[in-house]
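J.: Shown below is the structure under consideration.
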Amino acid sequence: MNHLHRYASTRFGRLPKTFSELSNLRREVPWWNQVLDPGSPTLTKWNYIILCTCLVALFLDPLYFFLPVIGAPGCMQIDLGLGIFVTFFRTVADLFFFIHITIKFRTAFVAPSSRVFGRGELVMDRKAIAIRYLKSSFIIDLAAALPLPQIVIWFIIPASKSATAAHANHTLSFIVLLQYIPRFLIMFPINRRIIKTTGVVAKTAWSGAAYNLVLYTLASHVLGASWYVLSIQRQYECWRIECSKEMNSTHSPSCNPYFLDCNTVGKSARNAWLKKTNVIINCDALNDDDKDFQFGMFSDAFTNNVASSDFPDKYFYCLWWGLKNLCSYGQSIMTSTLSSETLFCIIICICGLVFFSHLIGNMQGYLQSTTARLEEWRIRRRDTEEWMRHRQLPPDLQDRVRRFVNYQWTATRGVDEEAILKSLPLDLRRQIQRHLCLALVRRVPFFAQMDDQLLDAICERLVSSLNTNDMFLVREDDPVQEMLFIIRGKVESSTTNGGRTGFYNSITLGPGDFCGEELLTWALIPHSDSIINLPLSTRTVKSITEVEAFALRAWDLRYVAKQFKRLHSKKLQHAFRYYSHQWRTWGACFIQAAWRRYKRKRLAIELAKQEQLYDDMYDMDDGAGAEYEDGDASSSDQANHAQHLGITILASKFAKNTRKGAKKTVSRINQDDSILKMPKMFKPVEPDFSAL
């Protein structure tokens, strides 16, 4: 960090003392002077880029083997257009290699003495970084980055005196093979560095399988290109041998080795030689059996006119040849007795065995990783089926178990979310739980009244709960273990108010509702005995459809209630009562009972008024009867009194009957009320908030 110290001395007049000053200082240092962290995301992306560059470079270099072509009968030439194409892209790849060398001079490393515990201490001194890099892998990186084929093909070969196509082919093939080794070797440290930083090269199973398939195809590409250039050299070797036989005074015109280069096509001397020479006939691969010179494994290149075909046809034929022989370990190759061909076939067999085994093994591992969870679920399902048959469970119970296992697999794909979360640090768990649960929890109206800090504490302790249809989440009079907040699905909540005869209440809960609210009252009670005894459920909750919910366990809710006093606020308590279906049921029953009492009181008042009216009429009838008995009225009035007496007697009888009917009606109403009266549903237990 000498450059940072020097810059800090000039910038601040002193060295940075705090981490914020050091971070600001790093941001102010120009990017070309910064030292990179080997585990930073930027360097990780660069490692992937340089790995892809290595693959492209390993693909481009064998294309130089396709430069020599059969341009005319008995001559060889260089494909100039292909040479320009390959040279351009190879130069771009070389620039990436030089950038990689520059980056490695600025990449910090972990001091070996600090690896006792943890990640270790980074060495940020540029001088120490440069010395370490020069002593380790600088030579290999430099050898892989040098543009040797470009220099040879565009500068050295044209300047040489014997600049024939055969000479260029031999020289270029040697240089490409020589530089192919360091370009192949630098892939291994890059691969290790990616695995050390991210854990794997391919992040998904399919990308890993594709990566191994690309490597196998690259090996086939190299093998096919090598077979092609060796075929061209084999053809040229035959021409050279036959041409040497005609280089004497007995053969006119005499063969000149320059005639085998297509630059001499059209010259009179070559045309005269071409008319009388036997080189073309003696080096024809179609008549390979009748001649001393055998093409062996390279005869297909000439019998199928591969050497004189266009580049796309030529390339794909050679790729197919390499892929075919790698897969079959070279069993279909017909070789000659030459030791070079036999050695080349041995190399093909060994490489095919190694590469094919590597490909099958890695692809099997990657593809099995995609179905590992599925296979684990199948084994678990098979074990469950065997266990149910062994225990002779009823068919309906077996169906319920199967539905739950299938639903759990569909929802989680066999991933144990709780185990993953428990393995993470506390802060990460909080952030993940907030991301997963906060938006869903806010859909519950009761939680919408809470602040973010209280919601974070609740989200941190929520666990997922999956239930299939026709499952009892909790039964009446059973201890309430958790409070459920429904996210998806519907449940039926019913109660008999402790099993009382004639009472039944049922409601349907959907997304946004909750059940198990007895726990909140229990959690707010400060008595010590509530720690042992959980509250009993006043309702039976049964799932109607598949239900996804978040569960807040009893002890977690009690912890939140103790730590956050805002849960005791009147606003939250009123919101809880408003959204609680238990409190709503109690309120509805209370209103019904009050209305019944009002109706009975009103009926009693009306009956009392009628009874008073008839009593007054009866008293009037009694006074009239007394006057009749005294005999003070005249005879003319006696007829009227007799008539009034009859009316009074009838009214008196009607009043008595009415009074008896009213009494019977009241007694019947009271009797009906005693029979049909709804049992009193007590108000849910409310904690004493004044004691908190």
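Ordering of the structure tokens sets the chain letters (A, B, ...), residue numbers begin anew at 1 in every chain, and ligands are numbered from 1 in the order given.
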Determine, counting only C-alpha atoms, which protein, DNA and RNA residues have an atom within 9 Å of an atom of region 308-319 of chain A; residues of the same chain fewer than 2 positions away are not included. Present the result as a list of chain:residue names.

T.: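 Those residues are A:Leu63, A:Phe66, A:Val69, A:Ile70, A:Gly71, A:Ala72, A:Leu82, A:Thr217, A:Ser220, A:His221, A:Val222, A:Leu223, A:Gly224, A:Ala225, A:Ser226, A:Trp227, A:Tyr228, A:Ala301, A:Phe302, A:Asn305, A:Val306, A:Trp321, A:Gly322, A:Leu323, A:Lys324.
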
J.: Those residues with C-alpha atoms, as a short mmCIF file (atom, residue, chain, number, x, y, z; two decimals), in the first residue's frame please?

T.:
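Okay, selection-v2.cif is ready:
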```
data_model
loop_
_atom_site.label_atom_id
_atom_site.label_comp_id
_atom_site.auth_asym_id
_atom_site.auth_seq_id
_atom_site.Cartn_x
_atom_site.Cartn_y
_atom_site.Cartn_z
CA LEU A 63 -7.81 -23.37 -37.26
CA PHE A 66 -6.68 -25.71 -42.03
CA VAL A 69 -5.14 -26.72 -49.03
CA ILE A 70 -4.80 -28.64 -52.29
CA GLY A 71 -5.06 -25.76 -54.73
CA ALA A 72 -4.43 -27.64 -57.98
CA LEU A 82 -8.88 -17.98 -43.58
CA THR A 217 -16.21 -30.92 -28.44
CA SER A 220 -12.74 -33.38 -30.99
CA HIS A 221 -12.02 -30.13 -32.81
CA VAL A 222 -8.30 -30.35 -31.99
CA LEU A 223 -8.15 -34.00 -33.03
CA GLY A 224 -9.95 -33.36 -36.33
CA ALA A 225 -7.69 -30.39 -37.18
CA SER A 226 -4.57 -32.42 -36.34
CA TRP A 227 -5.79 -35.27 -38.54
CA TYR A 228 -6.33 -32.84 -41.42
CA ALA A 301 -9.15 -36.96 -46.56
CA PHE A 302 -8.48 -37.54 -50.28
CA ASN A 305 -12.15 -34.77 -51.44
CA VAL A 306 -11.86 -33.17 -48.02
CA TRP A 321 -14.05 -37.48 -37.67
CA GLY A 322 -12.53 -36.40 -34.37
CA LEU A 323 -15.79 -36.81 -32.44
CA LYS A 324 -16.43 -40.24 -33.94
#
```

J.: As an NGL selection string, please: the residues near Leu509 (chain A) (cut-off 10 Å, only C-alpha atoms, same-chain neighbours under 4 positions excluded).

T.: :A and (486 or 489-493 or 513-515 or 541-544 or 581)

J.: Per DSSP on the backbone, filter region 334-545 of chain A down to the residues in strand (DSSP E or B) and report them as number ranges by chain.

T.: A: 463-467, 472-474, 479, 482-488, 491-495, 505-509, 514-515, 536, 540-543

J.: Considering only C-alpha atoms, return as number ranges by chain whatever protein or nucleic-acid residues lie within 9 Å of region 344-361 of chain A, sequence-local ones (same chain, fewer than 3 positions apart) excluded.

T.: A: 209, 212-213, 215-216, 219, 223, 297, 322, 325-331, 333, 335, 339-341, 364-366

J.: Any chance you could tabulate, as a tab-separated table, the residues of region 87-107 of chain A at most 12 Å from region 148-162 of chain A with each one's nearest atom pair and distance in Å to one decimal, using only C-alpha atoms, in chain and rising number order?

T.:
```
residue	atom	partner	partner_atom	distance
A:Thr87	CA	A:Gln150	CA	6.2
A:Phe88	CA	A:Gln150	CA	9.1
A:Phe89	CA	A:Gln150	CA	10.9
A:Arg90	CA	A:Gln150	CA	8.4
A:Thr91	CA	A:Gln150	CA	8.0
A:Val92	CA	A:Gln150	CA	11.8
A:Asp94	CA	A:Leu148	CA	10.1
```

J.: Could you produce a table of the residues of region 289-312 of chain A lying within 12 Å of region 235-240 of chain A, with the nearest pair of atoms per residue and their separation in Å rounded to one decimal, using only C-alpha atoms, ordered by chain and increasing residue number, as JSON lines?

T.:
```
{"residue": "A:Lys291", "atom": "CA", "partner": "A:Cys238", "partner_atom": "CA", "distance": 10.9}
{"residue": "A:Asp292", "atom": "CA", "partner": "A:Cys238", "partner_atom": "CA", "distance": 10.2}
{"residue": "A:Phe293", "atom": "CA", "partner": "A:Cys238", "partner_atom": "CA", "distance": 7.0}
{"residue": "A:Gln294", "atom": "CA", "partner": "A:Cys238", "partner_atom": "CA", "distance": 8.9}
{"residue": "A:Phe295", "atom": "CA", "partner": "A:Gln235", "partner_atom": "CA", "distance": 7.8}
{"residue": "A:Gly296", "atom": "CA", "partner": "A:Gln235", "partner_atom": "CA", "distance": 11.2}
{"residue": "A:Phe298", "atom": "CA", "partner": "A:Gln235", "partner_atom": "CA", "distance": 8.8}
{"residue": "A:Ser299", "atom": "CA", "partner": "A:Gln235", "partner_atom": "CA", "distance": 9.2}
{"residue": "A:Asp300", "atom": "CA", "partner": "A:Gln235", "partner_atom": "CA", "distance": 11.7}
{"residue": "A:Ala301", "atom": "CA", "partner": "A:Gln235", "partner_atom": "CA", "distance": 9.6}
{"residue": "A:Phe302", "atom": "CA", "partner": "A:Gln235", "partner_atom": "CA", "distance": 8.7}
{"residue": "A:Thr303", "atom": "CA", "partner": "A:Gln235", "partner_atom": "CA", "distance": 11.9}
{"residue": "A:Ala307", "atom": "CA", "partner": "A:Gln235", "partner_atom": "CA", "distance": 9.8}
```

J.: Have a look at CA of Asp284 (chain A) and CA of Gly74 (chain A) and let me know their distance in Å, one decimal.

T.: 10.1 Å

J.: How many Å separate CA of Ile190 (chain A) from CA of Ile49 (chain A)?

T.: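 Distance reported for this atom pair: 10.2 Å.
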
J.: For the alpha helix (DSSP H) assignment from backbone DSSP, which residues of region 334-471 of chain A qualify? Please present them as a PyMOL selection string.

T.: chain A and resi 339-391+395-412+417-422+426-441+452-461

J.: Skipping near chain neighbours, those fewer than 3 positions away, what residues fall within 7 Å of Asn505 (chain A) using only C-alpha atoms, listed as a ChimeraX atom specification?

T.: /A:494-496

J.: Provide the CA of Leu534 (chain A) to CA of Pro479 (chain A) distance in Å, to one decimal place.

T.: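 Between CA of Leu534 (chain A) and CA of Pro479 (chain A) the gap works out to 5.7 Å.
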
J.: Which is closest to Ala108 (chain A) among A:Thr410, A:Gln433, A:Asn169, A:Gln34, if we use only C-alpha atoms?

T.: A:Gln34

J.: When you count only C-alpha atoms, which of these residues is closest to Ala166 (chain A): A:Asn278, A:Asn263, A:Thr197, A:Thr204?

T.: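 The shortest atom-to-atom distance to Ala166 (chain A) comes from A:Asn263.
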
J.: When you count only C-alpha atoms, which of these residues is closest to Leu421 (chain A): A:Asp37, A:Glu518, A:Glu460, A:Asp396?

T.: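 Counting only C-alpha atoms, the residue closest to Leu421 (chain A) is A:Glu460.
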